[in-house]
Each structure stands twice: as structure tokens, then as C-alpha cells.
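Enquirer: Compact mmCIF, C-alpha atoms and all ligand atoms, file my_file02.txt:
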```txt
# COMPACT_ATOMS: atom_id res chain seq x y z
CA MET A 1 90.35 112.41 107.89
CA ALA A 2 93.97 111.89 107.36
CA ALA A 3 95.18 110.94 103.89
CA HIS A 4 98.27 112.70 102.63
CA VAL A 5 98.85 112.58 98.87
CA VAL A 6 102.37 113.05 97.49
CA VAL A 7 102.40 113.76 93.79
CA GLY A 8 104.92 114.87 91.11
CA GLY A 9 104.70 118.33 89.56
CA PHE A 10 106.97 118.04 86.49
CA PHE A 11 107.74 115.00 84.28
CA GLY A 12 108.35 112.40 86.98
CA ASP A 13 111.62 111.75 88.80
CA GLU A 14 111.12 114.75 91.07
CA GLY A 15 112.32 112.73 94.05
CA LYS A 16 108.93 111.67 95.42
CA GLY A 17 110.44 108.42 96.69
CA LYS A 18 112.87 110.22 98.95
CA ILE A 19 110.22 112.63 100.26
CA VAL A 20 107.79 109.80 100.97
CA ALA A 21 110.51 107.80 102.72
CA PHE A 22 111.31 110.82 104.90
CA LEU A 23 107.63 111.35 105.76
CA ALA A 24 107.21 107.67 106.55
CA ARG A 25 110.19 107.60 108.89
CA SER A 26 109.13 110.83 110.60
CA TYR A 27 105.38 110.30 110.98
CA ARG A 28 104.90 106.50 110.73
CA PRO A 29 101.81 106.14 108.58
CA ARG A 30 99.57 103.16 109.27
CA TYR A 31 99.47 102.46 105.53
CA ALA A 32 101.24 103.68 102.42
CA VAL A 33 99.58 102.95 99.11
CA ARG A 34 101.42 102.90 95.79
CA THR A 35 99.51 104.01 92.71
CA GLY A 36 100.57 104.09 89.04
CA ALA A 37 102.50 101.18 87.59
CA THR A 38 105.87 99.47 87.28
CA ASN A 39 107.10 101.82 84.53
CA ALA A 40 107.80 104.31 87.32
CA GLY A 41 110.87 103.74 89.46
CA HIS A 42 111.59 105.38 92.78
CA THR A 43 115.06 105.51 94.29
CA VAL A 44 115.44 105.68 98.05
CA VAL A 45 118.75 105.87 99.94
CA ASN A 46 118.27 104.90 103.57
CA ASN A 47 120.94 103.94 106.13
CA GLY A 48 123.47 103.45 103.35
CA ARG A 49 121.21 101.08 101.42
CA VAL A 50 119.91 101.98 97.94
CA TYR A 51 116.38 100.83 97.10
CA LYS A 52 115.19 100.89 93.49
CA LEU A 53 111.46 100.42 93.75
CA ARG A 54 108.97 99.73 90.98
CA ALA A 55 106.10 98.15 92.88
CA ALA A 56 106.53 98.73 96.60
CA PRO A 57 105.68 102.06 98.23
CA SER A 58 108.77 104.09 99.16
CA ALA A 59 107.48 104.06 102.73
CA LEU A 60 109.01 100.55 103.04
CA VAL A 61 111.89 102.12 105.01
CA GLU A 62 109.49 102.52 107.96
CA PRO A 63 109.02 98.99 109.34
CA SER A 64 105.78 99.83 111.16
CA THR A 65 104.01 100.86 107.94
CA THR A 66 101.94 98.32 106.01
CA LEU A 67 102.52 98.62 102.26
CA LEU A 68 99.71 98.46 99.74
CA VAL A 69 99.33 98.54 95.97
CA ALA A 70 96.16 100.29 94.83
CA ARG A 71 93.32 98.61 93.00
CA GLY A 72 93.70 100.89 90.04
CA ALA A 73 97.45 100.30 89.82
CA LEU A 74 99.19 97.85 87.50
CA VAL A 75 102.17 95.71 88.43
CA HIS A 76 104.28 93.27 86.49
CA LEU A 77 103.96 89.91 88.21
CA ARG A 78 107.69 89.17 88.30
CA VAL A 79 108.69 92.71 89.35
CA PHE A 80 106.27 92.51 92.28
CA LEU A 81 107.42 89.09 93.45
CA GLU A 82 111.12 89.97 93.09
CA GLU A 83 110.73 93.16 95.10
CA ALA A 84 108.72 91.43 97.80
CA SER A 85 111.48 88.89 98.20
CA ALA A 86 114.51 91.21 97.74
CA TYR A 87 113.29 93.47 100.55
CA ASP A 88 111.75 90.74 102.64
CA LEU A 89 108.29 92.29 102.54
CA ARG A 90 106.10 89.20 102.91
CA GLY A 91 103.50 89.82 105.60
CA ARG A 92 103.45 93.59 105.23
CA PHE A 93 103.07 94.12 101.47
CA PHE A 94 99.68 93.59 99.82
CA LEU A 95 98.01 93.90 96.45
CA ASP A 96 94.31 94.28 96.02
CA PRO A 97 92.58 91.28 94.39
CA LEU A 98 91.49 93.82 91.74
CA THR A 99 94.99 95.18 90.99
CA GLY A 100 95.86 94.64 87.31
CA ILE A 101 98.75 92.33 86.38
CA ILE A 102 101.21 93.08 83.58
CA THR A 103 102.81 90.11 81.82
CA ASP A 104 105.72 89.62 79.40
CA GLU A 105 103.20 89.55 76.56
CA HIS A 106 102.29 93.21 77.35
CA VAL A 107 105.98 94.14 77.43
CA GLU A 108 106.49 92.44 74.05
CA ARG A 109 103.50 94.20 72.52
CA GLU A 110 104.98 97.58 73.46
CA ARG A 111 108.58 96.80 72.51
CA SER A 112 107.56 95.73 69.02
CA ASP A 113 105.73 99.04 68.44
CA PRO A 114 108.11 101.59 66.86
CA TYR A 115 105.70 104.50 67.39
CA LEU A 116 105.63 103.86 71.12
CA MET A 117 109.33 103.06 71.50
CA LYS A 118 110.88 105.59 69.10
CA THR A 119 108.49 108.54 68.83
CA ILE A 120 107.03 108.55 72.34
CA GLY A 121 110.06 107.04 74.02
CA SER A 122 108.04 104.64 76.15
CA THR A 123 109.79 102.75 78.93
CA GLY A 124 108.50 99.60 77.21
CA THR A 125 107.39 98.05 80.47
CA GLY A 126 103.97 96.90 79.25
CA VAL A 127 101.89 99.40 81.18
CA GLY A 128 99.99 100.91 78.25
CA ALA A 129 99.27 97.50 76.73
CA ALA A 130 97.97 96.18 80.06
CA MET A 131 95.87 99.32 80.44
CA VAL A 132 94.32 98.65 77.02
CA ASP A 133 93.45 95.12 78.15
CA ARG A 134 91.94 96.45 81.34
CA VAL A 135 89.75 98.86 79.40
CA LEU A 136 88.71 96.00 77.10
CA ARG A 137 88.02 93.96 80.26
CA ARG A 138 90.27 91.07 79.43
CA LEU A 139 93.20 91.86 81.73
CA ARG A 140 93.84 89.28 84.41
CA LEU A 141 93.88 90.66 87.92
CA ALA A 142 95.87 89.78 91.02
CA SER A 143 93.15 87.39 92.23
CA ASP A 144 93.72 85.26 89.10
CA TYR A 145 97.29 84.35 90.09
CA GLU A 146 98.03 81.45 92.43
CA GLU A 147 101.52 82.83 93.21
CA LEU A 148 99.97 85.99 94.69
CA ARG A 149 97.83 84.12 97.21
CA GLY A 150 99.68 85.31 100.31
CA PHE A 151 99.81 88.88 99.08
CA LEU A 152 96.15 89.79 98.69
CA ALA A 153 94.14 92.18 100.85
CA ASP A 154 91.14 94.47 100.48
CA THR A 155 93.34 97.55 100.19
CA GLN A 156 90.46 100.00 99.87
CA GLY A 157 88.77 98.62 102.96
CA LEU A 158 91.99 98.85 104.99
CA LEU A 159 92.56 102.45 103.88
CA LEU A 160 89.00 103.53 104.61
CA ASP A 161 89.05 101.94 108.08
CA ALA A 162 92.34 103.64 108.94
CA ILE A 163 91.26 107.05 107.67
CA GLU A 164 87.92 106.85 109.43
CA ALA A 165 89.81 106.03 112.64
CA GLY A 166 91.87 109.19 112.14
CA GLU A 167 95.10 107.36 111.32
CA TYR A 168 97.74 108.81 109.04
CA VAL A 169 97.84 107.29 105.56
CA LEU A 170 100.22 108.13 102.71
CA VAL A 171 99.07 107.99 99.09
CA GLU A 172 102.07 107.74 96.76
CA ALA A 173 101.41 108.95 93.25
CA SER A 174 103.88 108.22 90.46
CA GLN A 175 105.37 110.16 87.54
CA GLY A 176 104.43 113.82 87.24
CA TYR A 177 101.64 116.19 86.26
CA TRP A 178 102.99 116.88 82.76
CA LEU A 179 103.07 113.15 81.88
CA SER A 180 99.33 112.85 82.53
CA LEU A 181 97.38 111.15 79.76
CA TYR A 182 94.80 113.95 80.02
CA HIS A 183 96.62 117.04 81.23
CA GLY A 184 100.18 116.50 80.03
CA THR A 185 102.01 117.08 76.75
CA TYR A 186 99.97 114.60 74.69
CA PRO A 187 100.90 112.37 72.90
CA TYR A 188 104.21 112.46 74.81
CA VAL A 189 102.65 111.22 78.00
CA THR A 190 102.18 108.02 79.95
CA SER A 191 99.11 105.78 79.73
CA ARG A 192 97.32 107.12 82.81
CA ASP A 193 96.36 110.26 84.66
CA THR A 194 99.07 111.33 87.11
CA THR A 195 97.20 113.84 89.28
CA ALA A 196 96.43 113.67 93.00
CA ALA A 197 92.78 113.10 92.05
CA ALA A 198 93.78 110.11 89.91
CA ALA A 199 95.92 108.62 92.68
CA LEU A 200 92.93 108.82 95.03
CA SER A 201 90.69 107.25 92.44
CA GLU A 202 93.13 104.36 91.97
CA ALA A 203 93.25 103.79 95.71
CA GLY A 204 89.45 103.93 96.01
CA LEU A 205 89.42 107.07 98.16
CA GLY A 206 87.50 110.31 97.82
CA PRO A 207 88.54 113.98 97.87
CA GLY A 208 87.04 114.39 101.33
CA HIS A 209 89.51 111.90 102.81
CA VAL A 210 92.45 114.16 102.17
CA SER A 211 94.07 116.53 104.63
CA ARG A 212 97.27 117.31 102.74
CA ILE A 213 98.44 117.35 99.12
CA THR A 214 102.16 117.84 98.62
CA VAL A 215 103.36 118.49 95.08
CA VAL A 216 107.03 117.56 94.66
CA PHE A 217 109.37 119.50 92.37
CA LYS A 218 113.04 119.03 91.74
CA ALA A 219 115.21 122.17 91.82
CA PHE A 220 115.60 121.71 88.05
CA VAL A 221 113.46 119.86 85.51
CA THR A 222 114.28 116.53 83.87
CA ARG A 223 112.45 114.48 81.28
CA VAL A 224 113.09 111.11 79.65
CA GLY A 225 111.67 110.10 76.29
CA GLY A 226 110.17 112.41 73.67
CA GLY A 227 108.10 115.58 73.98
CA PRO A 228 108.62 119.26 74.70
CA LEU A 229 110.92 120.45 77.47
CA PRO A 230 110.93 124.26 77.67
CA GLY A 231 114.40 125.73 78.19
CA GLU A 232 116.12 122.39 77.52
CA LEU A 233 119.88 122.59 77.95
CA GLY A 234 122.46 121.00 75.70
CA ARG A 235 123.98 117.81 77.02
CA GLU A 236 127.33 119.43 77.72
CA GLU A 237 125.89 122.31 79.72
CA ALA A 238 123.66 119.98 81.69
CA GLU A 239 126.65 117.76 82.52
CA LYS A 240 128.60 120.76 83.69
CA LEU A 241 125.80 121.77 86.07
CA GLY A 242 125.47 118.21 87.36
CA TRP A 243 121.89 118.00 86.11
CA VAL A 244 122.17 114.83 84.03
CA GLU A 245 120.55 111.85 85.70
CA TYR A 246 119.85 108.31 84.55
CA GLY A 247 116.45 106.58 84.60
CA THR A 248 115.77 104.19 87.49
CA VAL A 249 113.92 101.74 85.26
CA THR A 250 115.55 102.14 81.83
CA GLY A 251 118.99 103.63 82.63
CA ARG A 252 118.43 106.24 79.91
CA PRO A 253 120.04 109.68 80.42
CA ARG A 254 117.46 112.30 81.35
CA ARG A 255 117.11 115.57 79.46
CA ALA A 256 117.42 118.64 81.69
CA ALA A 257 116.16 122.25 81.95
CA PRO A 258 116.01 124.95 84.60
CA PHE A 259 113.14 125.09 87.13
CA ASN A 260 110.00 126.14 85.28
CA MET A 261 107.62 128.37 87.22
CA GLU A 262 104.86 128.21 84.65
CA LEU A 263 104.74 124.40 84.66
CA ALA A 264 104.99 124.41 88.45
CA ARG A 265 102.14 126.86 88.92
CA THR A 266 99.72 124.80 86.84
CA ALA A 267 100.71 121.62 88.69
CA VAL A 268 100.10 123.33 92.05
CA ARG A 269 96.72 124.69 91.02
CA ALA A 270 95.45 121.55 89.26
CA ASN A 271 96.43 119.31 92.17
CA SER A 272 94.98 121.76 94.72
CA ALA A 273 98.29 121.57 96.57
CA THR A 274 98.42 122.50 100.24
CA ASP A 275 102.22 122.70 100.09
CA VAL A 276 105.20 121.82 97.92
CA ALA A 277 108.44 119.91 98.42
CA VAL A 278 111.63 120.86 96.58
CA THR A 279 114.32 118.20 96.11
CA LYS A 280 117.99 118.32 95.13
CA LEU A 281 118.43 121.86 96.39
CA ASP A 282 122.08 120.96 97.01
CA VAL A 283 122.61 120.62 93.26
CA LEU A 284 121.76 124.32 92.81
CA PHE A 285 123.32 125.45 96.10
CA PRO A 286 126.19 123.11 97.09
CA GLU A 287 126.44 124.75 100.53
CA ALA A 288 122.97 123.39 101.27
CA ARG A 289 124.39 119.84 101.21
CA CYS A 290 122.60 117.71 103.79
CA ALA A 291 121.23 120.73 105.70
CA ARG A 292 118.48 119.61 108.05
CA SER A 293 117.04 122.93 109.15
CA TRP A 294 115.88 126.07 107.36
CA GLU A 295 118.51 128.12 109.22
CA ARG A 296 121.28 125.90 107.86
CA LEU A 297 120.36 126.65 104.27
CA PRO A 298 122.49 129.28 102.56
CA ARG A 299 120.82 132.70 102.48
CA GLU A 300 120.64 132.62 98.68
CA ALA A 301 118.88 129.27 98.72
CA ARG A 302 116.33 130.50 101.26
CA ARG A 303 115.69 133.54 99.11
CA TRP A 304 115.12 131.32 96.09
CA LEU A 305 112.66 129.16 98.03
CA GLU A 306 110.81 132.21 99.35
CA GLU A 307 110.47 133.52 95.84
CA LEU A 308 109.04 130.15 94.85
CA GLU A 309 106.50 130.32 97.67
CA GLU A 310 105.43 133.74 96.53
CA GLU A 311 105.08 132.69 92.89
CA LEU A 312 103.26 129.46 93.68
CA GLY A 313 101.08 130.74 96.49
CA VAL A 314 101.76 127.76 98.79
CA PRO A 315 104.49 127.09 101.37
CA VAL A 316 107.59 124.98 100.82
CA SER A 317 107.18 122.34 103.53
CA LEU A 318 110.03 119.97 102.72
CA VAL A 319 113.42 120.51 101.11
CA GLY A 320 115.72 117.73 99.90
CA THR A 321 119.41 118.50 100.41
CA GLY A 322 121.04 115.16 99.52
CA GLU A 323 120.21 111.60 98.39
CA ALA A 324 120.00 110.16 101.89
CA VAL A 325 116.54 110.23 103.47
CA GLU A 326 117.78 112.18 106.49
CA CYS A 327 119.15 115.01 104.32
CA THR A 328 115.83 116.83 104.47
CA VAL A 329 114.54 120.10 105.90
CA ASP A 330 111.03 119.62 107.31
CA ARG A 331 108.85 122.62 108.14
CA SER A 332 105.60 120.62 108.35
CA ARG A 333 105.19 121.32 112.08
CA GLU A 334 105.69 125.07 111.92
CA LEU A 335 103.28 125.20 108.99
CA GLY A 336 100.66 123.21 110.90
CA LEU A 337 100.77 120.42 108.31
CA GLU A 338 102.01 117.48 110.38
CA PRO A 339 99.64 114.59 111.00
CA ALA A 340 97.71 115.02 114.25
P1 LIG A 401 105.34 104.69 79.13
O1 LIG A 401 104.36 105.17 80.13
O2 LIG A 401 106.31 103.70 79.71
O3 LIG A 401 104.70 104.18 77.86
O4 LIG A 401 106.21 105.94 78.68
C1 LIG A 401 105.61 107.08 78.10
C2 LIG A 401 106.38 108.33 78.44
O5 LIG A 401 106.35 108.53 79.84
C3 LIG A 401 107.88 108.26 78.08
O6 LIG A 401 108.31 109.55 77.74
C4 LIG A 401 108.52 107.80 79.38
O7 LIG A 401 109.88 108.18 79.45
C5 LIG A 401 107.66 108.55 80.38
N1 LIG A 401 107.64 107.89 81.69
C6 LIG A 401 106.90 106.82 82.06
N2 LIG A 401 107.14 106.52 83.35
C7 LIG A 401 108.02 107.42 83.80
C8 LIG A 401 108.64 107.66 85.07
O8 LIG A 401 108.42 106.98 86.06
N3 LIG A 401 109.52 108.70 85.14
C9 LIG A 401 109.77 109.51 84.09
N4 LIG A 401 109.21 109.32 82.89
C10 LIG A 401 108.34 108.30 82.75
MG MG A 402 111.53 107.75 88.69
```
What would you get if you wrote out this structure as C-alpha cells?

Expert:
Amino acid sequence: MAAHVVVGGFFGDEGKGKIVAFLARSYRPRYAVRTGATNAGHTVVNNGRVYKLRAAPSALVEPSTTLLVARGALVHLRVFLEEASAYDLRGRFFLDPLTGIITDEHVERERSDPYLMKTIGSTGTGVGAAMVDRVLRRLRLASDYEELRGFLADTQGLLLDAIEAGEYVLVEASQGYWLSLYHGTYPYVTSRDTTAAAALSEAGLGPGHVSRITVVFKAFVTRVGGGPLPGELGREEAEKLGWVEYGTVTGRPRRAAPFNMELARTAVRANSATDVAVTKLDVLFPEARCARSWERLPREARRWLEELEEELGVPVSLVGTGEAVECTVDRSRELGLEPA
């Protein structure tokens, strides 16, 4: 049994895309399955090329991996087709016939709703509206669209076959624990559950299929849209620290706060994490820039990570030290967490 779930532990934008891309390049999963929807953007920098992904799994940087979109996921038709063509993915990128399709009408419905756009700060990408239609059982699915003909596959069947054969499979969750419709800071949340359990459910897998659950944290916390952010810094201070980022999908500046142990601990426990990844360590410790081994990290940074391990009760398996995929420290092997 060999599914590895990678999930966010804060408010999204923890750098899951980069971690998944690193794992894919290092361990070559048979399949990577994207869950969530096209409101979530993942940025991957590989071999000097920047990928901004809203539909495709971040594992696309590993050519031997077949890319899937989960049954329970939702994708905007045009976003999917554009990504498939921009990155030349035809033949190795598949939707399930049961994957839900977002249309411009869903986007319109959200953008004309001031509560959603102003109070909640929705990305306005139609995900919630499409979700409503799915619940009311009038959403059209991938199998209803002629243009998706060459892109359909029984994604659940492929995943189950691979896992039963002992192959390595990556399950890519999107957003973060605290944006969960059920467990997050309601009503300032997204329209779906964002836990590891939910990602498995969307993909059609069970808890017993999983061998590893990595919760990803950034070295500081960011949030876009409304809702509480404990310890939030003023814009000026955040700029000075280099903590201000801009949304992949909306381009909005992200709010920022220091690493939050309390939020992290709950995310680790609720996701039953086996290990955690910490990204952007180089922003806190510039000397860590593009370090690729634990020994190369500054002493202070190692101490900070060890403290984190102690507080969270799980090991830090991966550390991001720069945007590029290769700027990563990987301790999976020494921790006995690498795929067999
Ligand atoms: P919606 O899911 O687009 O309606 O947005 C609801 C809330 O979730 C807003 O605060 C968004 O900024 C936030 N959100 C949705 N998707 C993402 C994401 O991928 N990263 C970070 N925040 C997100
Ligand atoms: Mg993002």
C-alpha cells in the first residue's frame, strides 16, 4: 500500500506544489492525482521554467508520471484545456468522467455576490457555485463534454490498481487545513474540506491505502481574503521581512504572520501526519539559501526545525530552501519514509 498524501497545514500557499514536484522528480510516482479545484494555484519552478498550475498535478515536472484529476475535484473547462495544451500534457493527463466541470456561469454567479467577494474574499473562480450545483445534482460532469473526449480515464481504477501492485502514488491536496469548510475559520473558508481524509475521498481511496501523510507548512503564515490571522503583521513590517507574496490565481497580496505552533499542531494531529515539510526556510534564515543537505543548514535554522519537531511530535522530512525544485533538503530516507 503506497499512497502518499501531501496536504497544507495553514491557509494554503504553503508551497505544496514545490514539495510535490521535488518528490515526483526524486521518487517517480506512477500516478499523481490532483484534488480540490481551480481556485487553488500551485507555482513550480523547475529547470528555470515557472509553472502556474490550477488543474494539473505539480508532479508534471516528472515526465514518467501520469497525471490525474480526482473524481471529487472540480475544474474549469477552459483552465483545464489551456493547461493541457500549454504544457503539452495530452496523453498523460486525465480527468475522471465523474469530475465536475466549472463554467463561466458559475464564475459569474460568484462574482456578482458581494458577500462572497467582499466579506469572504473569495477567489471568484466559480468553485463554490459549481459545488452547489453538484450537491443539487445538476452539475455537468467531464463525461458530458465532447472537448474532453481524449482526456477521460477511470482515475479511481488506475489508482487502486497501482496501489494494489505496490506502486508509489502521490495524492496532491490543495489549500490548507484552516480553509476547510468544516474545520477551518468558518465562514472565512473555501467551499470544500481540505484535509488529507478529504483528498482521499475525492480520489476514491481509503485510509488503508496510505503509507505517508506529509503536512506542509511555510516558515511563516500567509492568508488571502478575509478571516482571522493570529499575529498578523502590518504591511510595512511584512514587506521588510520579505513575507509579502502575491496570489497565484488572483494576484492579490497575501497577509502575513509568524509561524503559528498552535495552528500547526492541530493540522498535524487532525491529518494524522507521519511527517512535515517546511518551505521557504531561506526567507527566515538567508544563509540556508538553496541548501540541499541538513548539514548545510545554518545551526540556528536546524535548532529552529528541531524545536518544531519537538513541539509537533513528528519529524521534519523535507525543507524548502529556495523556489527552484532542487533547492530542497530531503531526509525521507534516513527517516525510513521513502517509497519502497
Ligand atoms: P473561494 O474558495 O475561492 O470561494 O475562496 C474562499 C476563501 O478561500 C478566500 O479567503 C480565498 O482567498 C481562500 N482560498 C481559496 N483558494 C485558495 C488557495 O488556493 N490559496 C489560498 N487561499 C485560497
Ligand atoms: Mg496557492

Enquirer: How close does region 5-61 of chain A get to region 306-324 of chain A? List, as a tab-separated table, each residue of region 5-61 of chain A within 9 Å, its nearest atom pair and the distance in Å to one decimal, counting only C-alpha atoms.

Expert:
```
residue	atom	partner	partner_atom	distance
A:Gly15	CA	A:Gly320	CA	8.4
A:Lys18	CA	A:Glu323	CA	7.5
A:Ile19	CA	A:Gly320	CA	7.5
A:Thr43	CA	A:Glu323	CA	9.0
A:Val44	CA	A:Ala324	CA	7.5
A:Val45	CA	A:Ala324	CA	4.9
A:Asn46	CA	A:Ala324	CA	5.8
A:Asn47	CA	A:Ala324	CA	7.6
A:Gly48	CA	A:Ala324	CA	7.7
```

Enquirer: How would the residues just picked look written out with C-alpha atoms as a PDB file, keeping the file's coordinate frame?

Expert:
```pdb
ATOM      1  CA  GLY A  15     112.320 112.730  94.050  1.00  0.00           C
ATOM      2  CA  LYS A  18     112.870 110.220  98.950  1.00  0.00           C
ATOM      3  CA  ILE A  19     110.220 112.630 100.260  1.00  0.00           C
ATOM      4  CA  THR A  43     115.060 105.510  94.290  1.00  0.00           C
ATOM      5  CA  VAL A  44     115.440 105.680  98.050  1.00  0.00           C
ATOM      6  CA  VAL A  45     118.750 105.870  99.940  1.00  0.00           C
ATOM      7  CA  ASN A  46     118.270 104.900 103.570  1.00  0.00           C
ATOM      8  CA  ASN A  47     120.940 103.940 106.130  1.00  0.00           C
ATOM      9  CA  GLY A  48     123.470 103.450 103.350  1.00  0.00           C
TER      10      GLY A  48
END
```

Enquirer: Could you give me, as a PyMOL selection string, every polymer residue with an atom at most 6 Å away from an atom of ligand MG 402 (chain A), counting only C-alpha atoms and all ligand atoms?

Expert: chain A and resi 12-13+40-42+248

Enquirer: Hey, which residues come within 6 Å of ligand LIG 401 (chain A) if we count only C-alpha atoms and all ligand atoms? Could you give them as number ranges by chain?

Expert: A: 11-13, 39-41, 120-125, 128, 175, 188-191, 224-226

Enquirer: Near region 92-103 of chain A, within 9 Å and counting all atoms listed in the file, which residues show up once chain neighbours fewer than 2 positions away are dropped, as a ChimeraX atom specification?

Expert: /A:38,56-57,60,63-78,84,89-90,105-108,125-127,129-131,134,139-145,148,150-156

Enquirer: Considering only C-alpha atoms, return as a CSV table (one decimal) with C-alpha atoms, in the coordinates of the input whatever protein or nucleic-acid residues lie within 9 Å of Ala288 (chain A), sequence-local ones (same chain, fewer than 6 positions apart) excluded.

Expert:
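That gives us part.csv:
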```csv
chain,number,residue,atom,x,y,z
A,281,LEU,CA,118.4,121.9,96.4
A,282,ASP,CA,122.1,121.0,97.0
A,296,ARG,CA,121.3,125.9,107.9
A,297,LEU,CA,120.4,126.6,104.3
A,298,PRO,CA,122.5,129.3,102.6
A,301,ALA,CA,118.9,129.3,98.7
A,321,THR,CA,119.4,118.5,100.4
A,322,GLY,CA,121.0,115.2,99.5
```
